[in-house]
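Structure record follows, encoded as structure tokens.
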Amino acid sequence: MAVCLVVMAAVALTAALALPRVLTRVTWAEREPVLALWVWQCLVATVLLSCLSALLLGSTAVFRSVRAYAFAPAPPRVIAAYAPGAAPAWVTVLTLLLACGAAWSGAMLVREIVEARRRRDLRREDLRERAPELPEWLPDAVPDGPPVAHGPLLVLEDEYPDAWLMRGAAPRLVVTTGALRRLTDPQLDAVLAHELGHAHARHDWLLQLSTALATGFPRVPLFAHFRDQTYRLVELAADDTASRRCGHLTTALALIELNQHRGVLSCSSTRRLFGDRVQRLLEPPPRLARTRRTATSLAAALAPLVPVLIALAPALTALG
């Protein structure tokens, strides 16, 4: 039991402190943003599973009720392998710290979800005030719902050039008249493809998770890098989605037009990221070889299994 906890702590510390620095320096992330997002998620999952596995093992050693429930169906050899005797003091302290960390993580995630819903409700309320009211006899009109428009596009009368996606069962692009004056039809299609790329990949969920972890544990390098890289990589991934459908040049021009007044394509982006995105669209980097993409994806997917195998190692050894 103690050896498993020490090894899992070493895995968690390595993944949380050392590996993020390596990942932030790789040069292939801009070439494969979706793959880079997958690697970051697997690395975070490895740390979280290490902590959860250590919490479970520590709880079985500290609390008799948890021990009885966890080892109830286990054969005697497995119970003896884990040696659930009196827990050392450091195991008790570690278990309590991990329990507090788990509760704090859950609280931060719930707070981020609530804040996201509040921001979405405020935006919908703003749309109800700014969009023209529709006649009640229209079949799509909903008295207490968000503004309704036929088709995937909702136009707001506003000189400020802006556009964003109104999520829901039928996602609809909200665009101002100021943006329509700046964008051509192909550029508008690129904006829609970009935002639909965010929606289909559930980037909002990923951003909420990374923000919650970075807010709850600001001194953990992995979570801080995960948040920063997520904001960057989701934009690159959505750019790729738009460029595959509408072309690199068209997407770059749409990005430039909307970025002049903080449009949807530049939301949460720094000026440096804006320049990097435009340069990347105008000079698309070559993709990684298929074999390298497959190998990297498979290696990242196997990483979260490491803490699980460490936790199960005594049982597998006893049964083998």
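We name chains A, B, ... following the order of the structure tokens; residues begin at 1 in each chain, and ligands are numbered from 1 as shown.
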
- Message: Going by DSSP on the backbone, which residues of range 48-265 of chain A come out as alpha helix (DSSP H)? List them as a VMD selection string.
- Response: chain A and resid 48 to 62 64 to 70 76 to 82 89 to 130 177 to 182 185 to 200 203 to 216 221 to 246 248 to 259

- Item | Polymer residues at most 12 Å from range 103-117 of chain A, only C-alpha atoms, same-chain spacing of 4 or more positions, as a list of chain:residue names | A:Leu48, A:Cys51, A:Leu52, A:Leu55, A:Leu96, A:Leu97, A:Leu98, A:Ala99, A:Asp121, A:Leu122, A:Arg123, A:Arg124, A:Arg167, A:Asp204, A:Trp205, A:Leu206, A:Leu207, A:Gln208, A:Leu209, A:Ser210, A:Thr211, A:Ala212, A:Leu213, A:Ala214, A:Thr215, A:Gly216, A:Phe217, A:Pro218, A:Phe223

Export, as a compact mmCIF listing (two decimals), in the first residue's frame, the selected residues with N, CA and C atoms.
```
# COMPACT_ATOMS: atom_id res chain seq x y z
N LEU A 48 -5.05 13.60 -12.37
CA LEU A 48 -6.29 13.45 -11.61
C LEU A 48 -6.54 12.01 -11.20
N CYS A 51 -4.27 11.09 -8.31
CA CYS A 51 -4.79 11.60 -7.03
C CYS A 51 -6.00 10.81 -6.56
N LEU A 52 -6.90 10.47 -7.49
CA LEU A 52 -8.09 9.71 -7.10
C LEU A 52 -7.72 8.30 -6.65
N LEU A 55 -6.23 8.55 -3.29
CA LEU A 55 -7.30 8.83 -2.32
C LEU A 55 -8.05 7.56 -1.97
N LEU A 96 -6.40 12.86 3.84
CA LEU A 96 -7.22 14.03 4.15
C LEU A 96 -6.93 15.17 3.17
N LEU A 97 -5.66 15.37 2.82
CA LEU A 97 -5.31 16.42 1.85
C LEU A 97 -5.91 16.12 0.48
N LEU A 98 -5.84 14.87 0.06
CA LEU A 98 -6.42 14.51 -1.24
C LEU A 98 -7.94 14.66 -1.23
N ALA A 99 -8.58 14.33 -0.10
CA ALA A 99 -10.03 14.51 0.00
C ALA A 99 -10.41 15.98 -0.10
N ASP A 121 -26.91 33.39 -19.96
CA ASP A 121 -28.24 33.98 -19.74
C ASP A 121 -28.22 35.49 -19.95
N LEU A 122 -27.14 36.15 -19.49
CA LEU A 122 -27.03 37.59 -19.69
C LEU A 122 -26.96 37.93 -21.17
N ARG A 123 -26.22 37.12 -21.92
CA ARG A 123 -26.13 37.38 -23.37
C ARG A 123 -27.47 37.15 -24.05
N ARG A 124 -28.20 36.13 -23.64
CA ARG A 124 -29.52 35.89 -24.23
C ARG A 124 -30.49 37.02 -23.86
N ARG A 167 -25.62 29.12 -28.77
CA ARG A 167 -25.72 27.68 -28.66
C ARG A 167 -27.15 27.25 -28.35
N ASP A 204 -16.19 24.67 -25.32
CA ASP A 204 -16.62 25.41 -24.13
C ASP A 204 -16.47 24.55 -22.88
N TRP A 205 -16.75 23.26 -22.98
CA TRP A 205 -16.57 22.37 -21.83
C TRP A 205 -15.10 22.28 -21.45
N LEU A 206 -14.25 22.17 -22.44
CA LEU A 206 -12.82 22.06 -22.18
C LEU A 206 -12.28 23.34 -21.55
N LEU A 207 -12.77 24.49 -22.01
CA LEU A 207 -12.34 25.76 -21.43
C LEU A 207 -12.82 25.90 -20.00
N GLN A 208 -14.02 25.44 -19.71
CA GLN A 208 -14.53 25.51 -18.35
C GLN A 208 -13.70 24.63 -17.41
N LEU A 209 -13.35 23.43 -17.86
CA LEU A 209 -12.55 22.54 -17.03
C LEU A 209 -11.17 23.12 -16.76
N SER A 210 -10.51 23.60 -17.81
CA SER A 210 -9.16 24.15 -17.63
C SER A 210 -9.18 25.38 -16.75
N THR A 211 -10.19 26.22 -16.89
CA THR A 211 -10.30 27.42 -16.06
C THR A 211 -10.55 27.06 -14.61
N ALA A 212 -11.41 26.06 -14.37
CA ALA A 212 -11.72 25.65 -13.00
C ALA A 212 -10.47 25.10 -12.31
N LEU A 213 -9.70 24.27 -13.01
CA LEU A 213 -8.49 23.69 -12.40
C LEU A 213 -7.44 24.77 -12.14
N ALA A 214 -7.26 25.68 -13.11
CA ALA A 214 -6.26 26.73 -12.93
C ALA A 214 -6.67 27.71 -11.83
N THR A 215 -7.96 27.96 -11.69
CA THR A 215 -8.44 28.85 -10.63
C THR A 215 -8.32 28.19 -9.26
N GLY A 216 -8.65 26.91 -9.19
CA GLY A 216 -8.60 26.22 -7.91
C GLY A 216 -7.19 25.92 -7.43
N PHE A 217 -6.27 25.70 -8.39
CA PHE A 217 -4.89 25.36 -8.03
C PHE A 217 -3.93 26.22 -8.86
N PRO A 218 -3.86 27.52 -8.56
CA PRO A 218 -3.06 28.43 -9.40
C PRO A 218 -1.57 28.17 -9.36
N PHE A 223 -1.84 22.83 -14.48
CA PHE A 223 -3.17 23.41 -14.67
C PHE A 223 -3.08 24.80 -15.29
```

- Query: Within 12 Å of Thr92 in chain A, counting only C-alpha atoms, which residues qualify if same-chain residues fewer than 4 places away don't, as an MDAnalysis selection string?
  - Reply: chainID A and resid 2 5 54:63 86:88 96:99

Print the selection's residues with all heavy atoms to a file, as a tab-separated table (two decimals), in the first residue's frame.
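File written: result_18.tsv
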```
chain	number	residue	atom	x	y	z
A	2	ALA	N	1.83	1.32	0.92
A	2	ALA	CA	2.67	2.51	1.02
A	2	ALA	C	3.50	2.71	-0.23
A	2	ALA	O	3.68	3.83	-0.71
A	2	ALA	CB	3.57	2.42	2.25
A	5	LEU	N	1.38	4.20	-2.98
A	5	LEU	CA	1.13	5.62	-2.76
A	5	LEU	C	2.34	6.46	-3.14
A	5	LEU	O	2.22	7.52	-3.75
A	5	LEU	CB	0.74	5.86	-1.31
A	5	LEU	CG	-0.62	5.32	-0.87
A	5	LEU	CD1	-0.85	5.55	0.62
A	5	LEU	CD2	-1.74	5.97	-1.67
A	54	ALA	N	-4.83	7.36	-5.36
A	54	ALA	CA	-4.19	7.48	-4.06
A	54	ALA	C	-5.22	7.76	-2.97
A	54	ALA	O	-5.11	7.24	-1.84
A	54	ALA	CB	-3.15	8.60	-4.10
A	55	LEU	N	-6.23	8.55	-3.29
A	55	LEU	CA	-7.30	8.83	-2.32
A	55	LEU	C	-8.05	7.56	-1.97
A	55	LEU	O	-8.36	7.31	-0.79
A	55	LEU	CB	-8.25	9.88	-2.88
A	55	LEU	CG	-9.50	10.19	-2.05
A	55	LEU	CD1	-9.11	10.71	-0.67
A	55	LEU	CD2	-10.39	11.20	-2.78
A	56	LEU	N	-8.33	6.74	-2.97
A	56	LEU	CA	-9.06	5.49	-2.71
A	56	LEU	C	-8.23	4.54	-1.87
A	56	LEU	O	-8.72	3.96	-0.88
A	56	LEU	CB	-9.43	4.84	-4.04
A	56	LEU	CG	-10.17	3.49	-3.94
A	56	LEU	CD1	-11.47	3.67	-3.16
A	56	LEU	CD2	-10.44	2.93	-5.33
A	57	LEU	N	-6.95	4.36	-2.22
A	57	LEU	CA	-6.09	3.46	-1.44
A	57	LEU	C	-5.90	3.98	-0.03
A	57	LEU	O	-5.92	3.21	0.94
A	57	LEU	CB	-4.74	3.30	-2.14
A	57	LEU	CG	-4.72	2.48	-3.43
A	57	LEU	CD1	-3.31	2.41	-3.99
A	57	LEU	CD2	-5.28	1.09	-3.21
A	58	GLY	N	-5.68	5.29	0.11
A	58	GLY	CA	-5.52	5.86	1.43
A	58	GLY	C	-6.77	5.72	2.28
A	58	GLY	O	-6.70	5.46	3.49
A	59	SER	N	-7.94	5.87	1.65
A	59	SER	CA	-9.20	5.74	2.39
A	59	SER	C	-9.41	4.33	2.89
A	59	SER	O	-9.93	4.11	4.00
A	59	SER	CB	-10.38	6.16	1.50
A	59	SER	OG	-10.26	7.51	1.09
A	60	THR	N	-9.00	3.33	2.08
A	60	THR	CA	-9.14	1.94	2.55
A	60	THR	C	-8.23	1.64	3.73
A	60	THR	O	-8.53	0.75	4.54
A	60	THR	CB	-8.82	0.97	1.40
A	60	THR	OG1	-7.48	1.20	0.93
A	60	THR	CG2	-9.79	1.15	0.25
A	61	ALA	N	-7.11	2.37	3.81
A	61	ALA	CA	-6.19	2.14	4.92
A	61	ALA	C	-6.60	2.90	6.17
A	61	ALA	O	-6.35	2.44	7.29
A	61	ALA	CB	-4.77	2.55	4.52
A	62	VAL	N	-7.27	4.03	6.00
A	62	VAL	CA	-7.60	4.89	7.15
A	62	VAL	C	-8.98	4.58	7.71
A	62	VAL	O	-9.17	4.52	8.93
A	62	VAL	CB	-7.50	6.37	6.73
A	62	VAL	CG1	-7.97	7.29	7.86
A	62	VAL	CG2	-6.06	6.72	6.32
A	63	PHE	N	-9.94	4.34	6.84
A	63	PHE	CA	-11.34	4.18	7.27
A	63	PHE	C	-11.76	2.72	7.12
A	63	PHE	O	-11.70	2.15	6.02
A	63	PHE	CB	-12.26	5.08	6.45
A	63	PHE	CG	-11.88	6.54	6.52
A	63	PHE	CD1	-11.25	7.15	5.43
A	63	PHE	CD2	-12.14	7.29	7.65
A	63	PHE	CE1	-10.90	8.49	5.48
A	63	PHE	CE2	-11.78	8.63	7.71
A	63	PHE	CZ	-11.16	9.23	6.63
A	86	ALA	N	-3.02	-1.03	10.40
A	86	ALA	CA	-3.06	0.33	10.93
A	86	ALA	C	-2.32	1.26	9.96
A	86	ALA	O	-1.17	0.99	9.57
A	86	ALA	CB	-2.42	0.38	12.31
A	87	ALA	N	-2.95	2.33	9.58
A	87	ALA	CA	-2.37	3.26	8.62
A	87	ALA	C	-1.37	4.18	9.30
A	87	ALA	O	-1.63	4.70	10.39
A	87	ALA	CB	-3.47	4.10	7.97
A	88	PRO	N	-0.19	4.40	8.69
A	88	PRO	CA	0.77	5.36	9.25
A	88	PRO	C	0.17	6.76	9.26
A	88	PRO	O	-0.78	7.07	8.54
A	88	PRO	CB	1.96	5.27	8.29
A	88	PRO	CG	1.79	3.96	7.57
A	88	PRO	CD	0.31	3.73	7.50
A	96	LEU	N	-6.40	12.86	3.84
A	96	LEU	CA	-7.22	14.03	4.15
A	96	LEU	C	-6.93	15.17	3.17
A	96	LEU	O	-7.86	15.87	2.72
A	96	LEU	CB	-6.98	14.47	5.59
A	96	LEU	CG	-7.45	13.50	6.68
A	96	LEU	CD1	-7.08	14.03	8.06
A	96	LEU	CD2	-8.95	13.26	6.57
A	97	LEU	N	-5.66	15.37	2.82
A	97	LEU	CA	-5.31	16.42	1.85
A	97	LEU	C	-5.91	16.12	0.48
A	97	LEU	O	-6.44	17.03	-0.19
A	97	LEU	CB	-3.79	16.54	1.76
A	97	LEU	CG	-3.08	17.16	2.95
A	97	LEU	CD1	-1.57	17.14	2.73
A	97	LEU	CD2	-3.56	18.59	3.20
A	98	LEU	N	-5.84	14.87	0.06
A	98	LEU	CA	-6.42	14.51	-1.24
A	98	LEU	C	-7.94	14.66	-1.23
A	98	LEU	O	-8.54	15.07	-2.23
A	98	LEU	CB	-6.04	13.07	-1.58
A	98	LEU	CG	-4.57	12.83	-1.93
A	98	LEU	CD1	-4.30	11.34	-2.10
A	98	LEU	CD2	-4.20	13.58	-3.21
A	99	ALA	N	-8.58	14.33	-0.10
A	99	ALA	CA	-10.03	14.51	0.00
A	99	ALA	C	-10.41	15.98	-0.10
A	99	ALA	O	-11.37	16.35	-0.78
A	99	ALA	CB	-10.54	13.90	1.29
```

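Candidate residues A:Leu288, A:Val308, A:Ala242, A:Met1 were compared for distance to Leu188 in chain A, and the nearest is A:Ala242, using only C-alpha atoms.
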
- Item | Surrounding residues of Ala18 in chain A excluding itself and chain neighbours under 5 positions, 12 Å, only C-alpha atoms, as a VMD selection string | chain A and resid 10 to 13 23 to 25 43 220 to 222 225

- Fewer than 4 positions away in the same chain doesn't count, so skip those; otherwise give me all residues within 12 Å of Gly320 in chain A, counting only C-alpha atoms, as a PyMOL selection string. chain A and resi 77-78+81+312-316

- Message: Using only C-alpha atoms, can you tell me which of A:Cys4, A:Glu257, A:Gln229, A:Val47 comes closest to Val191 in chain A?
- Response: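 Closest candidate: A:Glu257.
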
- Test item: residues at most 10 Å from range 270-279 of chain A, only C-alpha atoms, excluding those fewer than 6 positions along its chain, as a ChimeraX atom specification: /A:30,232,235-236,239,248-249,251-256,259,285

Put those residues in a file: C-alpha atoms, as an mmCIF file, in the first residue's frame.
```cif
data_model
loop_
_atom_site.group_PDB
_atom_site.id
_atom_site.type_symbol
_atom_site.label_atom_id
_atom_site.label_comp_id
_atom_site.auth_asym_id
_atom_site.auth_seq_id
_atom_site.Cartn_x
_atom_site.Cartn_y
_atom_site.Cartn_z
ATOM 1 C CA GLU A 30 0.730 24.374 -34.046
ATOM 2 C CA ARG A 232 -4.709 28.938 -27.760
ATOM 3 C CA GLU A 235 -8.670 28.735 -31.682
ATOM 4 C CA LEU A 236 -6.103 27.052 -33.929
ATOM 5 C CA ASP A 239 -9.231 27.981 -37.677
ATOM 6 C CA HIS A 248 -6.948 29.591 -45.726
ATOM 7 C CA LEU A 249 -6.922 33.044 -47.310
ATOM 8 C CA THR A 251 -10.404 32.584 -43.144
ATOM 9 C CA ALA A 252 -7.379 34.827 -42.593
ATOM 10 C CA LEU A 253 -9.170 37.832 -44.098
ATOM 11 C CA ALA A 254 -12.231 37.183 -41.934
ATOM 12 C CA LEU A 255 -9.985 36.970 -38.899
ATOM 13 C CA ILE A 256 -8.369 40.305 -39.749
ATOM 14 C CA ASN A 259 -10.159 41.288 -35.008
ATOM 15 C CA PRO A 285 2.477 24.321 -41.808
#
```

- So how far away is CA of Ile79 in chain A from CA of Ala9 in chain A, in Å?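 The value is 22.2 Å.
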
- Message: What's around Leu196 in chain A at 10 Å? Count only C-alpha atoms, leave out sequence neighbours fewer than 3 positions away in its own chain, and write the answer as a list of chain:residue names.
- Response: A:Trp164, A:Leu165, A:Arg167, A:Pro171, A:Arg172, A:Leu173, A:Ala190, A:Val191, A:Leu192, A:Ala193, A:Ala199, A:His200, A:Ala201, A:Arg202, A:Ala238, A:Thr241, A:Ala242

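Distance annotation: of A:Ala89, A:Ala237, A:Val7, A:Ala303, the residue with the minimal separation from Val44 in chain A is A:Ala303; atom set is only C-alpha atoms.
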
- By how many Å are CA of Ala163 in chain A and CA of Leu35 in chain A apart? 27.4 Å

- Task: Would you work out the distance separating CA of Pro73 in chain A from CA of Val3 in chain A, expressed in Å to one decimal?
- Result: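 Separating CA of Pro73 in chain A from CA of Val3 in chain A is a distance of 23.2 Å.
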